[in-house]
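Take a look at the structure below.
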Amino acid sequence: MNYSADFLNLSGTEHQELAAQRAINHKGDFLNLLKHANYPLKIELPPEAARHAADVEIAHSTTVIAVLYRDGVMIAGDRRATAGTSVIYDRAEKVLQIDRHSVLAISGSPAIAYEIARILEHSFQYFRRSQLQELSLEGKLRMLSRLIRENLSMALQGIGGVIPIFALYDLNAIEDGNGGKIFFYDALGAHFENVDFATTGSGSIWIRGVLRYLSRFGETALHEMDQRQAAITILRLLDIASEYDAATSGYNAKVKIFPTVKTVTRTGVNTVSDDDLTDWYAEAQPEAGTV
Amino acid sequence: MRDEPYRWIEALQDRRDYIEDELRLGSPVVGVIYNEGMMLLTVGKGQRKIFEVHDRIALSAIGHPADIERLRMLVTDTASVQGFQNATEDINLHRLTNYTLAPAFKQAFESIVGEAYIIKMLLAELGSASGKSQFTGINFDGIVRTDPSFAVIGGTETIETGMQKYLTAAKMDADRDLTAAFRLALETWAIGKELSSREPEETESEDTQLDTTQMYEIIDTAREEGEIEVGVLEASQQGTNKFRLLTSQEIEEALQ
């Protein structure tokens, strides 16, 4: 060790090294920061394990729906998680708030989906805290694309595919215009803006046509519906999905487990209360005597 | 030189004098509690001085902008990574101060051939189920002071004592509303500003004898070339994130 220029061995070099390390400016990039902190972002499977990966029964399947209504976006998901033909959980939350004005609805492998949602939430916060400004709408969309793309190898192995819907409210929308926006992603991370609605998950095929019909020929167009009308429509659609898709749950009257329903409006993200859902569920039911 | 420890002590004293001299003119920061949470206030000259570190933690500092930025990033990065790896509830100011910030301050100060941080930092943590609200001040030499109800940072100890006296006389109570807390903090800032503008020989005394009119004159002059900046940690804020900056409209209203 070189003591030539120091007092009591406090050369300062160690500190300077540390300071240099700390001076790495991540420019608000949370993924980069996690990599530097040696956080494992990917689960690396050895090739021989990957070959069997598709045989493993992983919890997935779902129905999530987002519709553009008068005040913004309403987004809902059923509560069932399944593995193969088994129902493993009946209270899963598939609609997750990411920040004050955005929500992610997930379908696919829940372990990866929750991780993506968590990284996304922390990324937006980290950007705001470190760069002293909100991440732009386009920036938020790209971040989610990047996370989905990072997960591609898992998706290809058949165990970690995630197809989310990302709904947010654009505060820069003109005052009286509707700032609600719905984005749909594919497994490679491309995003597409849906104008009226989006639905994904195993039950979505049963209701996509109905949504299309409602948006084009319905008595009240989806985007003109108020909160109550939109909620009743969504509850009915989830009911239909649960009728045909074993991996989607309906309303469980015995224990009062409702679908998760959230709204994203100018004032922020709001979770529709169980009391409102109870009332609206009663209205959503067909009249007695109908099949 | 290892054989001459007194030279090391002398060098530290030189360094202390140098840093204090650099800090003397810095715009003070005042932290007070109010009925909804905690507030940090200063009057800046364009550069932002009050920052969000984590859900319940805010930071402010006086000193060299590059040092403030570097240490702000250090604590923000640390809190962000730890909050992600564990849970955001696991982040607390005590650990961030004692294991991350204070050692870095002390090491930089005592490594006398390396660069020193020209900084004084004031952090606020809004209490939760696991702990009480507290202000934490960190001096450039790594000395940490905490206080549950108010705290100040200013260029010299005399400036800080003068401001603390005013706050003590005003009696801190948690029932004060946002506007009252804002005015108290702003008046305290004016005292700090007055003390820092005196010549070093005059600053032996921390008494200013300022009346309210004089305080607001000082504030008005400062506002001509700068802006009042207020960050609050509000318990009533929806969601886990409690920090926000007051808007210029809110500040104007509170000044009426």
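Within each chain, counting starts at residue 1; across the structure tokens, chains are named A, B, ... in the order shown, with ligands numbered 1 upward in that order.
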
If you run DSSP on the backbone, which residues of stretch 20-269 of chain A are strand (DSSP E), as an MDAnalysis selection string? chainID A and resid 64:69 72:77 81:83 86:89 95:99 102:105 165:169 180:185 191:194 197:200 260:265 268:269

With 8 Å as the limit and counting only C-alpha atoms, what residues in chain B lie close to chain A? Please list them as a list in words. Met1, Arg2, Pro5, Trp8, Phe51, Glu52, Val53, His54, Arg70, Met73, Leu74, Thr76, Asp77, Ser80, Val81, Phe84, Gln85, Gln107, Ala108, Glu110, Ser111, Ile112, Val113 and Gly114 of chain B

So the first atom is atom CA of A:Asp275 and the second is atom CA of A:Ser249; what is the distance between them in Å, to one decimal place?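 Result for atom CA of A:Asp275 versus atom CA of A:Ser249: 19.4 Å, one decimal.
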
Name the closest residue to A:Ala190 among the candidates A:Leu141, A:Ser204, A:Gly209, A:Ile174; distances are taken between atoms, counting only C-alpha atoms.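 Of A:Leu141, A:Ser204, A:Gly209, A:Ile174, the one nearest A:Ala190, counting only C-alpha atoms, is A:Leu141.
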
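Atom CA of B:Leu59 is positioned 20.9 Å from atom CA of B:Thr161.
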
Residues within 8 Å of A:Ala66, only C-alpha atoms, excluding chain neighbours under 5 positions, as JSON, numbers by chain: {"A": [73, 74, 75, 76, 165, 167, 182, 197, 198, 199]}

Keeping only C-alpha atoms, take the residues you just selected and write them out as a PDB file, in the first residue's frame.
```pdb
ATOM      1  CA  VAL A  73     -61.304   3.699 -18.881  1.00  0.00           C
ATOM      2  CA  MET A  74     -63.014   0.962 -16.909  1.00  0.00           C
ATOM      3  CA  ILE A  75     -60.950  -2.151 -16.524  1.00  0.00           C
ATOM      4  CA  ALA A  76     -61.946  -5.423 -14.917  1.00  0.00           C
ATOM      5  CA  ILE A 165     -53.645  -4.661 -21.227  1.00  0.00           C
ATOM      6  CA  ALA A 167     -54.873   1.411 -19.475  1.00  0.00           C
ATOM      7  CA  ILE A 182     -56.169   1.441 -23.802  1.00  0.00           C
ATOM      8  CA  PHE A 197     -62.096  -1.798 -25.869  1.00  0.00           C
ATOM      9  CA  ALA A 198     -59.570  -4.574 -25.346  1.00  0.00           C
ATOM     10  CA  THR A 199     -59.883  -8.016 -23.868  1.00  0.00           C
TER      11      THR A 199
END
```

Record the distance separating atom CA of B:Glu253 and atom CA of B:Leu40, expressed in Å with one decimal.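 Answer for the atom CA of B:Glu253 to atom CA of B:Leu40 separation: 17.5 Å.
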
Mind the document's chain letters and residue numbers, and return as a tab-separated table (two decimals) with N, CA and C atoms, in the first residue's frame the residues of stretch 79-237 of chain A that DSSP labels alpha helix (DSSP H).
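See selection-v7.tsv below for the written result:
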```
chain	number	residue	atom	x	y	z
A	110	PRO	N	-48.92	-15.76	-13.75
A	110	PRO	CA	-49.01	-14.70	-12.73
A	110	PRO	C	-47.67	-14.33	-12.10
A	111	ALA	N	-46.78	-15.30	-11.93
A	111	ALA	CA	-45.51	-14.98	-11.28
A	111	ALA	C	-44.78	-13.90	-12.06
A	112	ILE	N	-44.69	-14.09	-13.39
A	112	ILE	CA	-43.99	-13.12	-14.22
A	112	ILE	C	-44.79	-11.82	-14.32
A	113	ALA	N	-46.12	-11.98	-14.44
A	113	ALA	CA	-46.96	-10.79	-14.60
A	113	ALA	C	-46.86	-9.87	-13.38
A	114	TYR	N	-46.87	-10.45	-12.18
A	114	TYR	CA	-46.75	-9.62	-10.98
A	114	TYR	C	-45.39	-8.94	-10.92
A	115	GLU	N	-44.36	-9.70	-11.34
A	115	GLU	CA	-43.01	-9.13	-11.34
A	115	GLU	C	-42.94	-7.95	-12.34
A	116	ILE	N	-43.53	-8.15	-13.52
A	116	ILE	CA	-43.54	-7.07	-14.52
A	116	ILE	C	-44.27	-5.85	-13.96
A	117	ALA	N	-45.41	-6.09	-13.32
A	117	ALA	CA	-46.19	-4.98	-12.77
A	117	ALA	C	-45.38	-4.23	-11.71
A	118	ARG	N	-44.66	-5.00	-10.89
A	118	ARG	CA	-43.87	-4.39	-9.81
A	118	ARG	C	-42.70	-3.58	-10.37
A	119	ILE	N	-42.01	-4.15	-11.35
A	119	ILE	CA	-40.89	-3.42	-11.94
A	119	ILE	C	-41.39	-2.15	-12.61
A	120	LEU	N	-42.55	-2.28	-13.26
A	120	LEU	CA	-43.11	-1.13	-13.95
A	120	LEU	C	-43.43	-0.01	-12.96
A	121	GLU	N	-44.08	-0.37	-11.86
A	121	GLU	CA	-44.44	0.61	-10.84
A	121	GLU	C	-43.19	1.30	-10.30
A	122	HIS	N	-42.17	0.50	-9.97
A	122	HIS	CA	-40.94	1.08	-9.42
A	122	HIS	C	-40.18	1.89	-10.47
A	123	SER	N	-40.27	1.47	-11.74
A	123	SER	CA	-39.58	2.20	-12.81
A	123	SER	C	-40.13	3.61	-12.96
A	124	PHE	N	-41.47	3.71	-12.96
A	124	PHE	CA	-42.09	5.03	-13.13
A	124	PHE	C	-41.70	5.93	-11.95
A	125	GLN	N	-41.74	5.35	-10.75
A	125	GLN	CA	-41.39	6.13	-9.56
A	125	GLN	C	-39.93	6.56	-9.59
A	126	TYR	N	-39.08	5.61	-9.98
A	126	TYR	CA	-37.64	5.91	-9.99
A	126	TYR	C	-37.34	7.01	-11.00
A	127	PHE	N	-38.01	6.94	-12.13
A	127	PHE	CA	-37.78	7.99	-13.13
A	127	PHE	C	-38.18	9.35	-12.58
A	128	ARG	N	-39.37	9.41	-11.96
A	128	ARG	CA	-39.85	10.68	-11.42
A	128	ARG	C	-38.92	11.19	-10.32
A	129	ARG	N	-38.51	10.28	-9.43
A	129	ARG	CA	-37.68	10.72	-8.29
A	129	ARG	C	-36.29	11.14	-8.73
A	130	SER	N	-35.71	10.42	-9.70
A	130	SER	CA	-34.34	10.75	-10.05
A	130	SER	C	-34.27	11.86	-11.09
A	131	GLN	N	-35.22	11.89	-12.03
A	131	GLN	CA	-35.14	12.86	-13.12
A	131	GLN	C	-36.00	14.10	-12.88
A	137	LEU	N	-46.08	9.53	-21.53
A	137	LEU	CA	-46.94	8.41	-21.89
A	137	LEU	C	-46.22	7.42	-22.79
A	138	GLU	N	-45.54	7.96	-23.81
A	138	GLU	CA	-44.80	7.11	-24.74
A	138	GLU	C	-43.68	6.35	-24.00
A	139	GLY	N	-43.04	7.04	-23.07
A	139	GLY	CA	-41.98	6.42	-22.29
A	139	GLY	C	-42.51	5.26	-21.45
A	140	LYS	N	-43.70	5.43	-20.89
A	140	LYS	CA	-44.30	4.36	-20.09
A	140	LYS	C	-44.62	3.15	-20.95
A	141	LEU	N	-45.15	3.41	-22.15
A	141	LEU	CA	-45.49	2.30	-23.05
A	141	LEU	C	-44.25	1.52	-23.46
A	142	ARG	N	-43.16	2.28	-23.75
A	142	ARG	CA	-41.91	1.62	-24.17
A	142	ARG	C	-41.34	0.76	-23.05
A	143	MET	N	-41.43	1.28	-21.82
A	143	MET	CA	-40.89	0.53	-20.68
A	143	MET	C	-41.57	-0.83	-20.55
A	144	LEU	N	-42.90	-0.83	-20.73
A	144	LEU	CA	-43.62	-2.10	-20.65
A	144	LEU	C	-43.22	-3.01	-21.82
A	145	SER	N	-43.06	-2.45	-23.02
A	145	SER	CA	-42.60	-3.24	-24.17
A	145	SER	C	-41.28	-3.93	-23.84
A	146	ARG	N	-40.38	-3.15	-23.25
A	146	ARG	CA	-39.05	-3.66	-22.94
A	146	ARG	C	-39.13	-4.83	-21.96
A	147	LEU	N	-39.98	-4.68	-20.94
A	147	LEU	CA	-40.11	-5.74	-19.94
A	147	LEU	C	-40.68	-7.01	-20.56
A	148	ILE	N	-41.66	-6.85	-21.47
A	148	ILE	CA	-42.24	-8.03	-22.11
A	148	ILE	C	-41.21	-8.70	-23.01
A	149	ARG	N	-40.42	-7.88	-23.71
A	149	ARG	CA	-39.40	-8.44	-24.59
A	149	ARG	C	-38.31	-9.16	-23.80
A	150	GLU	N	-37.93	-8.59	-22.65
A	150	GLU	CA	-36.93	-9.24	-21.79
A	150	GLU	C	-37.39	-10.63	-21.37
A	152	LEU	N	-39.09	-12.70	-23.21
A	152	LEU	CA	-39.42	-13.51	-24.38
A	152	LEU	C	-39.00	-14.96	-24.24
A	153	SER	N	-37.78	-15.20	-23.71
A	153	SER	CA	-37.30	-16.58	-23.65
A	153	SER	C	-38.23	-17.43	-22.79
A	154	MET	N	-38.74	-16.83	-21.71
A	154	MET	CA	-39.67	-17.56	-20.85
A	154	MET	C	-40.97	-17.86	-21.61
A	155	ALA	N	-41.42	-16.86	-22.36
A	155	ALA	CA	-42.67	-17.02	-23.10
A	155	ALA	C	-42.52	-18.15	-24.12
A	156	LEU	N	-41.35	-18.20	-24.79
A	156	LEU	CA	-41.13	-19.22	-25.81
A	156	LEU	C	-41.04	-20.61	-25.20
A	208	ARG	N	-65.17	-11.15	-27.28
A	208	ARG	CA	-64.64	-10.10	-28.15
A	208	ARG	C	-65.69	-9.66	-29.17
A	209	GLY	N	-66.38	-10.64	-29.75
A	209	GLY	CA	-67.42	-10.33	-30.74
A	209	GLY	C	-68.56	-9.53	-30.12
A	210	VAL	N	-68.90	-9.88	-28.88
A	210	VAL	CA	-69.99	-9.16	-28.20
A	210	VAL	C	-69.58	-7.69	-28.01
A	211	LEU	N	-68.34	-7.48	-27.59
A	211	LEU	CA	-67.85	-6.11	-27.38
A	211	LEU	C	-67.90	-5.31	-28.68
A	212	ARG	N	-67.50	-5.97	-29.74
A	212	ARG	CA	-67.51	-5.33	-31.05
A	212	ARG	C	-68.95	-4.94	-31.43
A	213	TYR	N	-69.86	-5.88	-31.17
A	213	TYR	CA	-71.28	-5.64	-31.48
A	213	TYR	C	-71.79	-4.45	-30.67
A	214	LEU	N	-71.48	-4.47	-29.36
A	214	LEU	CA	-71.96	-3.39	-28.48
A	214	LEU	C	-71.40	-2.04	-28.91
A	215	SER	N	-70.13	-2.05	-29.29
A	215	SER	CA	-69.51	-0.77	-29.61
A	215	SER	C	-70.05	-0.21	-30.94
A	216	ARG	N	-70.45	-1.09	-31.84
A	216	ARG	CA	-70.96	-0.61	-33.14
A	216	ARG	C	-72.47	-0.44	-33.17
A	217	PHE	N	-73.19	-1.42	-32.56
A	217	PHE	CA	-74.64	-1.41	-32.73
A	217	PHE	C	-75.40	-1.27	-31.42
A	227	GLN	N	-70.66	5.42	-15.62
A	227	GLN	CA	-69.97	4.40	-14.84
A	227	GLN	C	-70.84	3.17	-14.58
A	228	ARG	N	-72.11	3.44	-14.22
A	228	ARG	CA	-73.02	2.34	-13.88
A	228	ARG	C	-73.25	1.45	-15.11
A	229	GLN	N	-73.56	2.10	-16.23
A	229	GLN	CA	-73.83	1.33	-17.46
A	229	GLN	C	-72.62	0.50	-17.87
A	230	ALA	N	-71.45	1.14	-17.80
A	230	ALA	CA	-70.23	0.42	-18.21
A	230	ALA	C	-69.98	-0.76	-17.28
A	231	ALA	N	-70.20	-0.55	-15.96
A	231	ALA	CA	-69.94	-1.62	-15.00
A	231	ALA	C	-70.90	-2.79	-15.23
A	232	ILE	N	-72.17	-2.48	-15.47
A	232	ILE	CA	-73.15	-3.55	-15.70
A	232	ILE	C	-72.77	-4.35	-16.96
A	233	THR	N	-72.38	-3.63	-18.02
A	233	THR	CA	-71.96	-4.30	-19.26
A	233	THR	C	-70.78	-5.23	-18.99
A	234	ILE	N	-69.79	-4.72	-18.27
A	234	ILE	CA	-68.59	-5.51	-18.01
A	234	ILE	C	-68.91	-6.73	-17.16
A	235	LEU	N	-69.75	-6.56	-16.15
A	235	LEU	CA	-70.10	-7.69	-15.29
A	235	LEU	C	-70.82	-8.78	-16.10
A	236	ARG	N	-71.69	-8.33	-17.00
A	236	ARG	CA	-72.40	-9.31	-17.85
A	236	ARG	C	-71.42	-10.05	-18.75
A	237	LEU	N	-70.47	-9.31	-19.31
A	237	LEU	CA	-69.50	-9.94	-20.22
A	237	LEU	C	-68.63	-10.95	-19.47
```

Selection near A:Thr62, 8 Å with only C-alpha atoms, sequence-local residues under 2 positions removed, as a PyMOL selection string: chain A and resi 60+64+77-81+107-108+200-203+247-248

Take the residues that were just selected and, keeping N, CA and C atoms, output them as a short mmCIF file (atom, residue, chain, number, x, y, z; two decimals), in the first residue's frame.
```
data_model
loop_
_atom_site.label_atom_id
_atom_site.label_comp_id
_atom_site.auth_asym_id
_atom_site.auth_seq_id
_atom_site.Cartn_x
_atom_site.Cartn_y
_atom_site.Cartn_z
N HIS A 60 -52.38 -20.09 -14.92
CA HIS A 60 -52.65 -18.99 -15.85
C HIS A 60 -54.11 -18.97 -16.23
N VAL A 64 -59.72 -10.63 -18.82
CA VAL A 64 -59.68 -9.22 -18.42
C VAL A 64 -60.23 -8.37 -19.57
N GLY A 77 -61.27 -7.62 -14.20
CA GLY A 77 -60.75 -8.97 -14.39
C GLY A 77 -61.43 -9.92 -13.44
N ASP A 78 -61.55 -11.19 -13.85
CA ASP A 78 -62.11 -12.18 -12.93
C ASP A 78 -61.06 -12.52 -11.88
N ARG A 79 -61.40 -13.41 -10.94
CA ARG A 79 -60.51 -13.61 -9.80
C ARG A 79 -59.89 -15.01 -9.77
N ARG A 80 -60.12 -15.83 -10.78
CA ARG A 80 -59.69 -17.22 -10.69
C ARG A 80 -58.27 -17.43 -11.19
N ALA A 81 -57.52 -18.26 -10.48
CA ALA A 81 -56.22 -18.71 -10.98
C ALA A 81 -56.27 -20.22 -11.07
N SER A 107 -52.86 -11.15 -18.01
CA SER A 107 -53.28 -12.52 -18.26
C SER A 107 -52.01 -13.28 -18.57
N GLY A 108 -52.01 -14.56 -18.28
CA GLY A 108 -50.79 -15.33 -18.50
C GLY A 108 -50.21 -15.75 -17.17
N THR A 200 -58.37 -9.74 -23.11
CA THR A 200 -57.37 -10.77 -23.30
C THR A 200 -57.56 -11.87 -22.26
N GLY A 201 -56.85 -12.97 -22.43
CA GLY A 201 -57.02 -14.13 -21.56
C GLY A 201 -57.84 -15.20 -22.26
N SER A 202 -57.88 -16.39 -21.62
CA SER A 202 -58.51 -17.52 -22.30
C SER A 202 -60.01 -17.31 -22.53
N GLY A 203 -60.66 -16.51 -21.71
CA GLY A 203 -62.10 -16.31 -21.88
C GLY A 203 -62.44 -15.20 -22.87
N ALA A 247 -61.56 -21.51 -17.00
CA ALA A 247 -60.51 -20.82 -16.25
C ALA A 247 -60.91 -19.41 -15.83
N THR A 248 -62.16 -19.03 -16.09
CA THR A 248 -62.64 -17.72 -15.68
C THR A 248 -63.75 -17.90 -14.65
#
```

Hey, what's within 10 Å of B:Ser248 if we count only C-alpha atoms and toss same-chain stuff fewer than 2 positions away? As a list of chain:residue names, please?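 Counting only C-alpha atoms, the residues come to B:Glu227, B:Ile228, B:Glu229, B:Val230, B:Leu245, B:Leu246, B:Glu250, B:Ile251, B:Glu252, B:Glu253, B:Ala254.
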
Can you pull out every residue within 12 Å of B:Phe150, counting only C-alpha atoms, but drop anything in the same chain fewer than 3 positions away, and send it as a count of residues only? 40

Measuring between only C-alpha atoms, which one of B:Thr247, B:Glu194, B:Asn92, B:Trp189 shows the shortest distance to B:Ala151?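 Answer, going by the shortest atom-to-atom distance: B:Trp189.
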
Within 12 Å of B:Ile19, counting only C-alpha atoms, which residues qualify if same-chain residues fewer than 6 places away don't, as a list in words? Leu12, Gln13, Leu25, Gly26, Ile62, Gly63, His64, Phe109, Glu115, Ala116, Tyr117, Ile118, Ile119, Lys120, Asn139, Phe140, Asp141, Gly155 and Thr156 of chain B

Based on the selection just made, write N, CA, C and O atoms of those residues as a PDB file, in the first residue's frame.
```
ATOM      1  N   LEU B  12      -7.927  18.879   9.068  1.00  0.00           N
ATOM      2  CA  LEU B  12      -9.382  18.743   9.204  1.00  0.00           C
ATOM      3  C   LEU B  12     -10.023  20.074   9.567  1.00  0.00           C
ATOM      4  O   LEU B  12     -11.088  20.428   9.053  1.00  0.00           O
ATOM      5  N   GLN B  13      -9.349  20.803  10.465  1.00  0.00           N
ATOM      6  CA  GLN B  13      -9.886  22.098  10.885  1.00  0.00           C
ATOM      7  C   GLN B  13      -9.920  23.074   9.707  1.00  0.00           C
ATOM      8  O   GLN B  13     -10.892  23.783   9.513  1.00  0.00           O
ATOM      9  N   LEU B  25     -23.442  31.276   2.745  1.00  0.00           N
ATOM     10  CA  LEU B  25     -24.451  32.054   2.029  1.00  0.00           C
ATOM     11  C   LEU B  25     -25.610  31.227   1.483  1.00  0.00           C
ATOM     12  O   LEU B  25     -26.499  31.740   0.820  1.00  0.00           O
ATOM     13  N   GLY B  26     -25.564  29.919   1.764  1.00  0.00           N
ATOM     14  CA  GLY B  26     -26.623  29.045   1.240  1.00  0.00           C
ATOM     15  C   GLY B  26     -27.997  29.416   1.781  1.00  0.00           C
ATOM     16  O   GLY B  26     -28.124  29.845   2.923  1.00  0.00           O
ATOM     17  N   ILE B  62     -28.333  22.165   1.470  1.00  0.00           N
ATOM     18  CA  ILE B  62     -27.635  23.351   0.997  1.00  0.00           C
ATOM     19  C   ILE B  62     -26.211  22.922   0.683  1.00  0.00           C
ATOM     20  O   ILE B  62     -25.693  21.969   1.267  1.00  0.00           O
ATOM     21  N   GLY B  63     -25.577  23.603  -0.250  1.00  0.00           N
ATOM     22  CA  GLY B  63     -24.209  23.255  -0.582  1.00  0.00           C
ATOM     23  C   GLY B  63     -23.964  23.332  -2.067  1.00  0.00           C
ATOM     24  O   GLY B  63     -24.695  24.008  -2.788  1.00  0.00           O
ATOM     25  N   HIS B  64     -22.934  22.616  -2.505  1.00  0.00           N
ATOM     26  CA  HIS B  64     -22.606  22.625  -3.923  1.00  0.00           C
ATOM     27  C   HIS B  64     -23.601  21.753  -4.694  1.00  0.00           C
ATOM     28  O   HIS B  64     -23.815  20.597  -4.327  1.00  0.00           O
ATOM     29  N   PHE B 109     -15.238  13.677   4.328  1.00  0.00           N
ATOM     30  CA  PHE B 109     -14.715  14.784   5.124  1.00  0.00           C
ATOM     31  C   PHE B 109     -13.318  14.482   5.650  1.00  0.00           C
ATOM     32  O   PHE B 109     -12.432  15.332   5.634  1.00  0.00           O
ATOM     33  N   GLU B 115     -11.670  14.756  -2.367  1.00  0.00           N
ATOM     34  CA  GLU B 115     -12.571  15.913  -2.410  1.00  0.00           C
ATOM     35  C   GLU B 115     -13.554  15.852  -1.230  1.00  0.00           C
ATOM     36  O   GLU B 115     -13.956  14.782  -0.805  1.00  0.00           O
ATOM     37  N   ALA B 116     -13.907  17.013  -0.735  1.00  0.00           N
ATOM     38  CA  ALA B 116     -14.870  17.068   0.367  1.00  0.00           C
ATOM     39  C   ALA B 116     -16.245  17.354  -0.202  1.00  0.00           C
ATOM     40  O   ALA B 116     -16.374  17.997  -1.233  1.00  0.00           O
ATOM     41  N   TYR B 117     -17.267  16.869   0.491  1.00  0.00           N
ATOM     42  CA  TYR B 117     -18.621  17.243   0.108  1.00  0.00           C
ATOM     43  C   TYR B 117     -18.955  18.571   0.770  1.00  0.00           C
ATOM     44  O   TYR B 117     -18.852  18.714   1.983  1.00  0.00           O
ATOM     45  N   ILE B 118     -19.348  19.533  -0.031  1.00  0.00           N
ATOM     46  CA  ILE B 118     -19.782  20.806   0.524  1.00  0.00           C
ATOM     47  C   ILE B 118     -21.294  20.727   0.620  1.00  0.00           C
ATOM     48  O   ILE B 118     -22.015  21.008  -0.324  1.00  0.00           O
ATOM     49  N   ILE B 119     -21.749  20.247   1.767  1.00  0.00           N
ATOM     50  CA  ILE B 119     -23.183  19.958   1.873  1.00  0.00           C
ATOM     51  C   ILE B 119     -23.649  19.887   3.326  1.00  0.00           C
ATOM     52  O   ILE B 119     -22.885  19.532   4.220  1.00  0.00           O
ATOM     53  N   LYS B 120     -24.889  20.273   3.529  1.00  0.00           N
ATOM     54  CA  LYS B 120     -25.623  19.965   4.762  1.00  0.00           C
ATOM     55  C   LYS B 120     -26.964  19.476   4.285  1.00  0.00           C
ATOM     56  O   LYS B 120     -27.562  20.078   3.392  1.00  0.00           O
ATOM     57  N   ASN B 139     -24.716  16.685   8.957  1.00  0.00           N
ATOM     58  CA  ASN B 139     -23.701  17.697   8.716  1.00  0.00           C
ATOM     59  C   ASN B 139     -22.643  17.154   7.757  1.00  0.00           C
ATOM     60  O   ASN B 139     -22.517  15.940   7.597  1.00  0.00           O
ATOM     61  N   PHE B 140     -21.856  18.037   7.152  1.00  0.00           N
ATOM     62  CA  PHE B 140     -20.855  17.565   6.180  1.00  0.00           C
ATOM     63  C   PHE B 140     -19.844  16.593   6.775  1.00  0.00           C
ATOM     64  O   PHE B 140     -19.216  15.833   6.071  1.00  0.00           O
ATOM     65  N   ASP B 141     -19.684  16.611   8.124  1.00  0.00           N
ATOM     66  CA  ASP B 141     -18.732  15.675   8.745  1.00  0.00           C
ATOM     67  C   ASP B 141     -19.388  14.356   9.150  1.00  0.00           C
ATOM     68  O   ASP B 141     -18.743  13.500   9.754  1.00  0.00           O
ATOM     69  N   GLY B 155     -26.235  27.977   6.830  1.00  0.00           N
ATOM     70  CA  GLY B 155     -24.807  27.998   6.551  1.00  0.00           C
ATOM     71  C   GLY B 155     -23.909  27.808   7.768  1.00  0.00           C
ATOM     72  O   GLY B 155     -22.905  27.113   7.687  1.00  0.00           O
ATOM     73  N   THR B 156     -24.256  28.427   8.887  1.00  0.00           N
ATOM     74  CA  THR B 156     -23.409  28.293  10.088  1.00  0.00           C
ATOM     75  C   THR B 156     -24.263  27.902  11.282  1.00  0.00           C
ATOM     76  O   THR B 156     -25.490  27.936  11.226  1.00  0.00           O
TER      77      THR B 156
END
```

Using only C-alpha atoms, the shortest atom-to-atom distance to B:Thr213 among B:Ala190, B:Thr179, B:Leu23, B:Arg56 belongs to B:Ala190
